[in-house]
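Note: the block below is work_28.cif and it holds mmCIF, C-alpha atoms.
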data_coords
loop_
_atom_site.label_atom_id
_atom_site.label_comp_id
_atom_site.auth_asym_id
_atom_site.auth_seq_id
_atom_site.Cartn_x
_atom_site.Cartn_y
_atom_site.Cartn_z
CA MET X 212 137.19 58.77 87.94
CA LYS X 213 139.49 60.64 85.56
CA GLN X 214 143.23 61.13 85.95
CA TYR X 215 144.85 64.52 85.44
CA LYS X 216 148.57 65.23 85.44
CA GLY X 217 149.92 68.39 87.02
CA SER X 218 152.23 70.45 84.80
CA ARG X 219 154.80 71.14 87.54
CA SER X 220 155.46 67.55 88.59
CA ASP X 221 155.06 63.95 87.57
CA GLN X 222 152.33 63.45 90.13
CA ILE X 223 149.06 62.05 88.81
CA TYR X 224 145.88 63.34 90.42
CA ALA X 225 142.72 61.26 90.25
CA TYR X 226 139.47 63.24 90.31
CA PRO X 227 135.92 62.85 89.15
CA SER X 228 135.39 64.18 85.63
CA ILE X 229 135.11 67.95 85.32
CA TYR X 230 132.37 69.28 83.06
CA THR X 231 132.53 72.96 82.17
CA ILE X 232 129.38 74.94 81.41
CA VAL X 233 129.81 78.15 79.38
CA VAL X 234 126.89 80.37 78.35
CA THR X 235 127.40 82.62 75.33
CA PHE X 236 125.52 85.55 73.81
CA ASN X 237 126.85 86.96 70.54
CA PRO X 238 130.49 86.52 71.62
CA GLU X 239 133.65 87.58 69.84
CA ILE X 240 134.61 84.14 68.48
CA GLY X 241 138.35 84.67 68.75
CA ASP X 242 138.21 85.97 72.31
CA LEU X 243 135.90 83.17 73.39
CA PHE X 244 138.12 80.40 72.10
CA ASP X 245 141.23 82.08 73.48
CA ASN X 246 139.56 81.69 76.86
CA LEU X 247 138.41 78.12 76.26
CA ASN X 248 141.89 77.09 75.14
CA GLU X 249 143.25 78.07 78.57
CA PHE X 250 141.53 75.09 80.20
CA CYS X 251 140.00 73.03 77.40
CA ASP X 252 142.29 70.01 77.65
CA GLY X 253 142.12 70.04 81.43
CA VAL X 254 138.43 69.12 81.60
CA GLU X 255 136.34 66.20 80.38
CA LYS X 256 133.80 68.20 78.35
CA ILE X 257 132.82 71.79 77.72
CA LEU X 258 129.11 72.36 77.27
CA LEU X 259 128.74 75.60 75.32
CA VAL X 260 125.15 76.81 75.60
CA ASP X 261 124.51 79.47 72.99
CA ASN X 262 121.88 82.17 73.62
CA SER X 263 123.01 84.22 70.61
CA ASP X 264 120.36 85.99 68.53
CA ASN X 265 122.76 86.49 65.61
CA SER X 266 122.53 83.51 63.25
CA LEU X 267 125.91 84.29 61.66
CA ILE X 268 127.65 84.14 65.03
CA SER X 269 125.76 80.98 65.97
CA ASN X 270 126.84 79.28 62.75
CA GLN X 271 130.45 80.32 63.32
CA LEU X 272 130.29 79.00 66.88
CA SER X 273 128.85 75.70 65.76
CA ASP X 274 131.54 75.25 63.09
CA LYS X 275 134.34 76.20 65.48
CA CYS X 276 133.15 73.77 68.15
CA LYS X 277 133.47 70.92 65.63
CA GLU X 278 137.25 71.46 65.67
CA TYR X 279 137.34 70.24 69.29
CA ASN X 280 136.58 66.70 70.40
CA ASN X 281 135.44 67.73 73.87
CA ILE X 282 133.20 70.74 73.18
CA ILE X 283 129.47 70.12 72.90
CA TYR X 284 127.53 72.92 71.21
CA LEU X 285 124.03 73.37 72.63
CA PRO X 286 122.06 76.14 70.88
CA THR X 287 118.89 77.42 72.53
CA GLU X 288 115.73 78.01 70.53
CA ASP X 289 114.99 81.20 72.45
CA ASN X 290 117.10 83.30 74.77
CA ASN X 291 115.43 82.60 78.10
CA GLY X 292 118.32 83.98 80.10
CA ILE X 293 121.50 82.78 81.76
CA GLY X 294 119.84 80.59 84.39
CA ALA X 295 117.77 78.73 81.82
CA ALA X 296 120.85 78.13 79.67
CA GLN X 297 122.83 76.80 82.62
CA ASN X 298 119.91 74.58 83.58
CA ASP X 299 119.73 73.22 80.03
CA ALA X 300 123.36 72.10 80.32
CA LEU X 301 122.69 70.51 83.71
CA ARG X 302 119.70 68.60 82.36
CA TYR X 303 121.89 67.39 79.48
CA LEU X 304 124.44 66.00 81.93
CA ILE X 305 121.77 64.38 84.09
CA ASN X 306 120.01 62.85 81.07
CA ASN X 307 123.37 61.48 79.92
CA LYS X 308 123.84 59.68 83.27
CA CYS X 309 126.73 61.73 84.61
CA ASP X 310 127.80 60.62 88.07
CA ASP X 311 126.86 62.65 91.15
CA ASP X 312 130.58 62.84 92.02
CA ASP X 313 131.39 64.56 88.72
CA LEU X 314 132.28 68.23 89.00
CA LEU X 315 130.60 71.22 87.36
CA LEU X 316 132.70 74.27 86.54
CA PHE X 317 130.90 77.42 85.37
CA PHE X 318 132.26 80.23 83.22
CA ASP X 319 130.99 83.34 81.49
CA GLN X 320 132.10 83.76 77.88
CA ASP X 321 134.66 86.41 78.85
CA SER X 322 136.44 84.63 81.70
CA TYR X 323 138.77 81.72 82.33
CA ILE X 324 141.06 79.96 84.80
CA GLU X 325 144.33 78.37 83.72
CA LYS X 326 144.34 74.57 83.40
CA GLU X 327 146.46 73.92 86.48
CA GLN X 328 144.38 76.31 88.55
CA VAL X 329 141.25 74.40 87.57
CA LEU X 330 142.76 71.34 89.21
CA ASN X 331 143.74 73.41 92.24
CA LEU X 332 140.16 74.63 92.56
CA ALA X 333 138.95 71.02 92.49
CA LYS X 334 141.55 69.96 95.07
CA HIS X 335 140.62 72.83 97.35
CA LEU X 336 136.92 71.96 97.10
CA PHE X 337 137.63 68.37 98.16
CA ARG X 338 139.82 69.59 101.00
CA GLU X 339 137.07 71.84 102.35
CA LYS X 340 134.40 69.17 101.96
CA ASN X 341 136.56 66.74 103.92
CA LYS X 342 136.60 69.30 106.73
CA ASN X 343 132.90 70.14 106.50
CA GLN X 344 130.34 68.29 104.38
CA SER X 345 128.05 71.33 104.39
CA VAL X 346 130.40 73.06 101.89
CA VAL X 347 128.87 72.69 98.42
CA MET X 348 130.53 75.28 96.15
CA LEU X 349 133.91 76.98 95.86
CA GLY X 350 134.56 80.02 93.68
CA ALA X 351 137.75 81.67 92.45
CA THR X 352 138.58 85.17 93.62
CA THR X 353 137.78 87.94 91.14
CA THR X 354 140.15 90.47 92.71
CA SER X 355 143.62 90.59 91.16
CA SER X 356 144.94 92.50 94.18
CA ASP X 357 143.54 89.94 96.64
CA SER X 358 146.11 89.68 99.43
CA GLU X 359 144.31 86.97 101.38
CA VAL X 360 145.26 83.31 101.11
CA GLY X 361 143.36 80.07 101.51
CA THR X 362 139.58 79.76 101.48
CA ALA X 363 136.83 81.54 103.38
CA VAL X 364 133.09 81.16 103.82
CA ALA X 365 131.11 83.70 101.79
CA SER X 366 127.47 84.73 101.73
CA HIS X 367 127.54 84.43 97.94
CA ILE X 368 129.92 84.04 94.99
CA ILE X 369 129.49 84.58 91.26
CA SER X 370 128.89 81.47 89.17
CA SER X 371 131.77 82.17 86.77
CA GLY X 372 134.82 80.41 88.17
CA SER X 373 132.82 78.32 90.63
CA ILE X 374 132.95 74.54 91.04
CA VAL X 375 130.43 72.15 92.60
CA SER X 376 129.68 68.44 92.36
CA LEU X 377 126.60 67.40 90.41
CA GLY X 378 125.26 65.62 93.49
CA ASP X 379 125.60 68.71 95.68
CA PHE X 380 124.01 70.85 92.99
CA LYS X 381 120.99 68.53 92.99
CA LYS X 382 120.64 69.02 96.74
CA ILE X 383 120.19 72.76 96.25
CA GLY X 384 118.25 72.61 92.99
CA TYR X 385 118.37 74.32 89.63
CA PHE X 386 119.19 77.97 89.09
CA ASP X 387 116.19 80.28 89.34
CA GLU X 388 115.70 80.87 85.63
CA GLU X 389 112.66 83.10 86.23
CA LEU X 390 115.13 85.88 87.08
CA PHE X 391 116.45 85.85 83.46
CA ILE X 392 119.73 87.70 84.18
CA ASP X 393 121.45 89.23 87.20
CA PHE X 394 121.71 87.81 90.72
CA ILE X 395 120.89 84.26 89.60
CA ASP X 396 124.14 83.02 91.11
CA PHE X 397 123.66 85.00 94.33
CA ALA X 398 120.11 83.66 94.66
CA TRP X 399 121.40 80.07 94.35
CA CYS X 400 123.97 80.73 97.08
CA TRP X 401 121.34 82.27 99.34
CA LYS X 402 119.08 79.28 98.74
CA ALA X 403 121.95 76.95 99.62
CA LYS X 404 122.54 78.89 102.83
CA SER X 405 118.84 78.72 103.72
CA LEU X 406 119.09 74.92 103.41
CA GLY X 407 122.06 74.74 105.78
CA PHE X 408 124.89 74.62 103.22
CA LYS X 409 127.91 76.85 102.70
CA VAL X 410 129.70 78.41 99.75
CA MET X 411 133.32 79.54 99.88
CA VAL X 412 135.74 81.76 97.99
CA ASP X 413 139.22 80.53 97.06
CA HIS X 414 141.75 83.36 97.42
CA ASP X 415 144.48 81.22 95.84
CA VAL X 416 142.77 80.81 92.44
CA PHE X 417 142.18 83.88 90.27
CA LEU X 418 139.44 84.26 87.68
CA HIS X 419 140.68 86.14 84.61
CA HIS X 420 138.36 88.40 82.64
CA GLN X 421 139.03 88.92 78.93
CA THR X 422 136.57 91.64 77.97
CA THR X 423 136.71 93.54 74.70
CA GLY X 424 135.00 96.64 76.07
CA GLN X 425 135.70 98.89 79.04
CA LEU X 426 133.02 99.44 81.67
CA LYS X 427 132.25 103.13 82.03
CA THR X 428 133.07 104.41 85.49
CA ILE X 429 132.61 107.59 87.49
CA PHE X 430 134.70 108.12 90.63
CA GLY X 431 135.92 104.55 90.19
CA ARG X 432 132.44 103.05 90.33
CA GLY X 433 130.79 101.21 87.45
CA ILE X 434 127.86 102.74 85.59
CA ASP X 435 125.14 100.20 84.82
CA ASN X 436 123.15 100.08 81.62
CA PRO X 437 119.71 101.51 82.55
CA ASN X 438 117.94 98.34 81.45
CA ARG X 439 120.18 96.24 83.70
CA LEU X 440 119.12 98.37 86.66
CA TYR X 441 115.63 96.94 86.23
CA TYR X 442 116.89 93.38 86.66
CA VAL X 443 119.18 94.29 89.55
CA TYR X 444 116.44 95.87 91.65
CA ARG X 445 113.73 93.39 90.72
CA ASN X 446 115.87 90.30 91.21
CA VAL X 447 117.45 91.32 94.49
CA ILE X 448 114.00 91.94 95.98
CA ILE X 449 112.61 88.64 94.64
CA SER X 450 115.67 86.67 95.74
CA LEU X 451 115.63 88.15 99.24
CA ASN X 452 111.92 87.41 99.58
CA ARG X 453 112.56 83.80 98.59
CA TYR X 454 115.87 82.95 100.20
CA SER X 455 117.11 85.63 102.63
CA PRO X 456 118.68 84.02 105.71
CA SER X 457 117.77 86.89 108.05
CA PHE X 458 116.18 90.33 108.39
CA SER X 459 119.58 91.95 108.96
CA PHE X 460 120.91 90.37 105.77
CA SER X 461 117.96 91.73 103.76
CA PHE X 462 118.26 95.16 105.40
CA GLY X 463 121.92 95.35 104.39
CA TRP X 464 121.03 94.70 100.78
CA TYR X 465 118.15 97.20 100.76
CA LYS X 466 120.51 99.83 102.15
CA HIS X 467 122.99 98.97 99.38
CA LEU X 468 120.25 99.32 96.73
CA PHE X 469 119.18 102.70 98.13
CA LEU X 470 122.73 104.07 97.96
CA LYS X 471 123.22 102.53 94.52
CA ALA X 472 120.07 104.25 93.24
CA ILE X 473 121.30 107.65 94.45
CA PHE X 474 124.62 107.17 92.67
CA GLN X 475 123.18 105.74 89.44
CA ILE X 476 120.44 108.37 89.14
CA VAL X 477 122.15 111.50 90.44
CA VAL X 478 125.69 111.01 89.12
CA ALA X 479 125.18 109.06 85.88
CA GLY X 480 123.42 110.27 82.74
CA SER X 481 119.97 109.33 81.39
CA LYS X 482 118.44 110.21 84.75
CA ILE X 483 114.80 109.84 83.68
CA LYS X 484 115.30 106.41 82.15
CA ARG X 485 117.42 105.22 85.07
CA SER X 486 114.81 106.40 87.54
CA ALA X 487 112.06 104.66 85.59
CA MET X 488 113.97 101.37 85.44
CA VAL X 489 114.75 101.46 89.16
CA VAL X 490 111.13 102.23 90.10
CA LYS X 491 109.77 99.59 87.73
CA GLY X 492 112.27 97.02 89.01
CA ILE X 493 111.26 97.71 92.61
CA TRP X 494 107.55 97.54 91.76
CA HIS X 495 107.88 94.28 89.84
CA GLY X 496 110.09 92.85 92.58
CA ILE X 497 107.52 93.60 95.25
CA ASN X 498 104.79 92.06 93.09
CA GLY X 499 106.87 89.03 92.11
CA LYS X 500 106.92 89.70 88.36
CA THR X 501 109.63 87.58 86.72
CA GLY X 502 110.95 86.70 83.27
CA LYS X 503 112.40 88.84 80.50
CA TYR X 504 111.61 92.53 80.68
CA LYS X 505 109.11 93.59 78.01
#
Represent the structure contained in this file as C-alpha cells.
Amino acid sequence: MKQYKGSRSDQIYAYPSIYTIVVTFNPEIGDLFDNLNEFCDGVEKILLVDNSDNSLISNQLSDKCKEYNNIIYLPTEDNNGIGAAQNDALRYLINNKCDDDDLLLFFDQDSYIEKEQVLNLAKHLFREKNKNQSVVMLGATTTSSDSEVGTAVASHIISSGSIVSLGDFKKIGYFDEELFIDFIDFAWCWKAKSLGFKVMVDHDVFLHHQTTGQLKTIFGRGIDNPNRLYYVYRNVIISLNRYSPSFSFSFGWYKHLFLKAIFQIVVAGSKIKRSAMVVKGIWHGINGKTGKYK
C-alpha cells in the first residue's frame, strides 16, 4: 500500500501502488516527456515499452529514461503491435511479483491525465467496485465538452486513460495481441462483458491529447489512413466473432462499418486503395487472419 498526498489539502490517501504502462512508436521525445511529467511523480513506476523502429529515437528514449528514478525502459526486439507491447509490460509486473491489488494505468504516447486526476480516477474505481464487484475497469472521458458528471457503464472504453487492478486484469486475460493495432482495447472490454464484468467511463476525469499533427477531416469527420482501414475492418469482425455479447450488438457495429466504408471510399481520396483495404480487411476478418498486415 502506497500513500499519496492530494495537492488541494493535507489529507493523505492510501492506495495500492499505481503502475503506468505507456507504449511508444517513434515519438517526439520532448512531447512524450512533457506528458509523462504531468503524472510521473504521482505513480509508483512508469513502464515505457518502446516499439520504435528508429534506433536514434530509441537511444534517445533510453538515455532520457535514465534521468528518472521511476521510469523503466523496455525496448521490444520487434514491433509486434500495441497489444503485445502492453502484454510485455504486464508480464514484467507479474514476473516481478506485483500484488493483485496494485493498479494499472494505461496511456498512449500522446496523452496524459494530471497527477491529482490520476488519484481521482483510482478513488472513483474503488468507489464503483465497492458498489458492484463486477466493475473491473474505469476510463477517463475523451470529450472535452462532456457535460455529464459521475460514472456510467459503457460497452467499451479506450485503453489510454483507463485504470484496472492487476488482479482484475488477470480475470479477463491478456490483450489480444494477434490484432496488432486497432480495437485491441474494445476487444478486451467486450471479452470482459462476455465474462460477466463491466467497464465504466468517468465523466469527471478528462484525458488530454498532446498530438503534434492534425487529423485530416471532411465535414467534421476524421479521414483514416488507408492502411488503418484494413485493421479496423478486420479487427472489428474478428473481435465480434470472438466476444460479441449479442446479435444486436454485432449488427450495430456492422451497420457502422457499412456507413463508414461509404464515407471513407466515396468522400475521401485514394478511392481504389481505400476500397482494396476495406475489402481485404473484411475478407481476412471473415477468415480469421491476424497479425501484422503484409
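The smallest atom-to-atom distance between Leu243 in chain X and any of X:Asn446, X:Ser356, X:Asn298, X:Ser322, using all atoms listed in the file, is found for X:Ser322.
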Polymer residues at most 8 Å from range 334-345 of chain X, all atoms listed in the file, same-chain spacing of 5 or more positions, as a ChimeraX atom specification: /X:374-375,407-409,413
Explicit residues for the PyMOL selection byres ((chain X and resi 232-238) around 9) (as number ranges by chain): X: 230-231, 239-243, 256-265, 268-269, 272, 290, 293, 296-297, 300-301, 315-321, 371
Between CA of Phe417 in chain X and CA of Ser355 in chain X - distance in Å to one decimal: 6.9 Å
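When all atoms listed in the file are used to measure the gap to Asp311 in chain X, the shortest distance among X:Pro437, X:Pro227, X:Gly372, X:Gly361 belongs to X:Pro227.
We find CA of Phe250 in chain X and CA of Ser228 in chain X to be spaced 13.6 Å apart.
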Selection dump of the PyMOL selection byres ((chain X and resi 388) around 9), as a ChimeraX atom specification: /X:291-298,385-387,389-392,395,502
Keeping C-alpha atoms, export the residues of the selection given above as a short mmCIF file (atom, residue, chain, number, x, y, z; two decimals), keeping the file's coordinate frame.
data_model
loop_
_atom_site.label_atom_id
_atom_site.label_comp_id
_atom_site.auth_asym_id
_atom_site.auth_seq_id
_atom_site.Cartn_x
_atom_site.Cartn_y
_atom_site.Cartn_z
CA ASN X 291 115.43 82.60 78.10
CA GLY X 292 118.32 83.98 80.10
CA ILE X 293 121.50 82.78 81.76
CA GLY X 294 119.84 80.59 84.39
CA ALA X 295 117.77 78.73 81.82
CA ALA X 296 120.85 78.13 79.67
CA GLN X 297 122.83 76.80 82.62
CA ASN X 298 119.91 74.58 83.58
CA TYR X 385 118.37 74.32 89.63
CA PHE X 386 119.19 77.97 89.09
CA ASP X 387 116.19 80.28 89.34
CA GLU X 389 112.66 83.10 86.23
CA LEU X 390 115.13 85.88 87.08
CA PHE X 391 116.45 85.85 83.46
CA ILE X 392 119.73 87.70 84.18
CA ILE X 395 120.89 84.26 89.60
CA GLY X 502 110.95 86.70 83.27
#
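We find CA of Leu418 in chain X and CA of Thr352 in chain X to be spaced 6.1 Å apart.
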Leu440 in chain X surroundings by all atoms listed in the file, 8 Å radius, close-in-sequence under 2 positions cut, as a ChimeraX atom specification: /X:435-438,442-444,485,488-489,492
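For Ile229 in chain X, the non-local neighbours within 6 Å, defined as residues at least 2 positions apart in the same chain or in other chains and counting all atoms listed in the file, are X:Val254, X:Glu255, X:Leu314, X:Leu315.
Proximity of X:Ser273, X:Ser376, X:Asn280, X:Thr287 to Asp313 in chain X, computed with only C-alpha atoms, is greatest for X:Ser376.
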Up to 7 Å from (128.8, 71.4, 96.8) in the file's coordinates: name the residues, counting only C-alpha atoms, as a PDB file with C-alpha atoms, keeping the file's coordinate frame.
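Final output, saved to part.pdb:
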ATOM      1  CA  VAL X 346     130.400  73.060 101.890  1.00  0.00           C
ATOM      2  CA  VAL X 347     128.870  72.690  98.420  1.00  0.00           C
ATOM      3  CA  MET X 348     130.530  75.280  96.150  1.00  0.00           C
ATOM      4  CA  VAL X 375     130.430  72.150  92.600  1.00  0.00           C
ATOM      5  CA  SER X 376     129.680  68.440  92.360  1.00  0.00           C
ATOM      6  CA  ASP X 379     125.600  68.710  95.680  1.00  0.00           C
ATOM      7  CA  PHE X 380     124.010  70.850  92.990  1.00  0.00           C
TER       8      PHE X 380
END
Extending 5 Å beyond the listed atoms of range 344-350 of chain X on each side, what axis-aligned box results? I want centre and edge lengths in Å to one decimal, as lines of an AutoDock Vina configuration file.
center_x = 131.3
center_y = 74.2
center_z = 99.0
size_x = 16.5
size_y = 21.7
size_z = 20.7
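Look at range 459-462 of chain X: the protein and nucleic acid residues within 10 Å of it, using all atoms listed in the file and passing over chain neighbours fewer than 4 places away, are Ser366, Val447, Ile448, Ser450, Leu451, Asn452, Tyr454, Ser455, Lys466, His467 and Leu468 of chain X.
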Would you mind completing range 406-422 of chain X to N, CA and C atoms and writing the output as a compact mmCIF listing (two decimals), in the coordinates of the input?
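Here's the written file selection.txt:
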# COMPACT_ATOMS: atom_id res chain seq x y z
N LEU X 406 119.24 76.36 103.23
CA LEU X 406 119.09 74.92 103.41
C LEU X 406 120.18 74.33 104.31
N GLY X 407 121.03 75.20 104.85
CA GLY X 407 122.06 74.74 105.78
C GLY X 407 123.40 74.44 105.16
N PHE X 408 123.62 74.86 103.90
CA PHE X 408 124.89 74.62 103.22
C PHE X 408 125.73 75.89 103.17
N LYS X 409 126.98 75.74 102.75
CA LYS X 409 127.91 76.85 102.70
C LYS X 409 128.57 76.94 101.33
N VAL X 410 128.87 78.17 100.92
CA VAL X 410 129.70 78.41 99.75
C VAL X 410 130.95 79.14 100.22
N MET X 411 132.04 78.96 99.47
CA MET X 411 133.32 79.54 99.88
C MET X 411 134.02 80.20 98.70
N VAL X 412 134.90 81.13 99.01
CA VAL X 412 135.74 81.76 97.99
C VAL X 412 137.16 81.26 98.17
N ASP X 413 137.84 81.01 97.05
CA ASP X 413 139.22 80.53 97.06
C ASP X 413 140.15 81.68 96.69
N HIS X 414 140.88 82.21 97.67
CA HIS X 414 141.75 83.36 97.42
C HIS X 414 143.02 82.98 96.67
N ASP X 415 143.26 81.67 96.50
CA ASP X 415 144.48 81.22 95.84
C ASP X 415 144.28 80.92 94.35
N VAL X 416 143.06 81.04 93.87
CA VAL X 416 142.77 80.81 92.44
C VAL X 416 142.09 82.07 91.90
N PHE X 417 142.67 82.62 90.83
CA PHE X 417 142.18 83.88 90.27
C PHE X 417 141.41 83.67 88.98
N LEU X 418 140.26 84.30 88.88
CA LEU X 418 139.44 84.26 87.68
C LEU X 418 139.81 85.42 86.77
N HIS X 419 140.31 85.12 85.58
CA HIS X 419 140.68 86.14 84.61
C HIS X 419 139.46 86.57 83.80
N HIS X 420 139.41 87.86 83.50
CA HIS X 420 138.36 88.40 82.64
C HIS X 420 139.00 88.93 81.37
N GLN X 421 138.49 88.48 80.22
CA GLN X 421 139.03 88.92 78.93
C GLN X 421 137.92 89.66 78.18
N THR X 422 137.65 90.88 78.59
CA THR X 422 136.57 91.64 77.97
C THR X 422 137.12 92.52 76.86
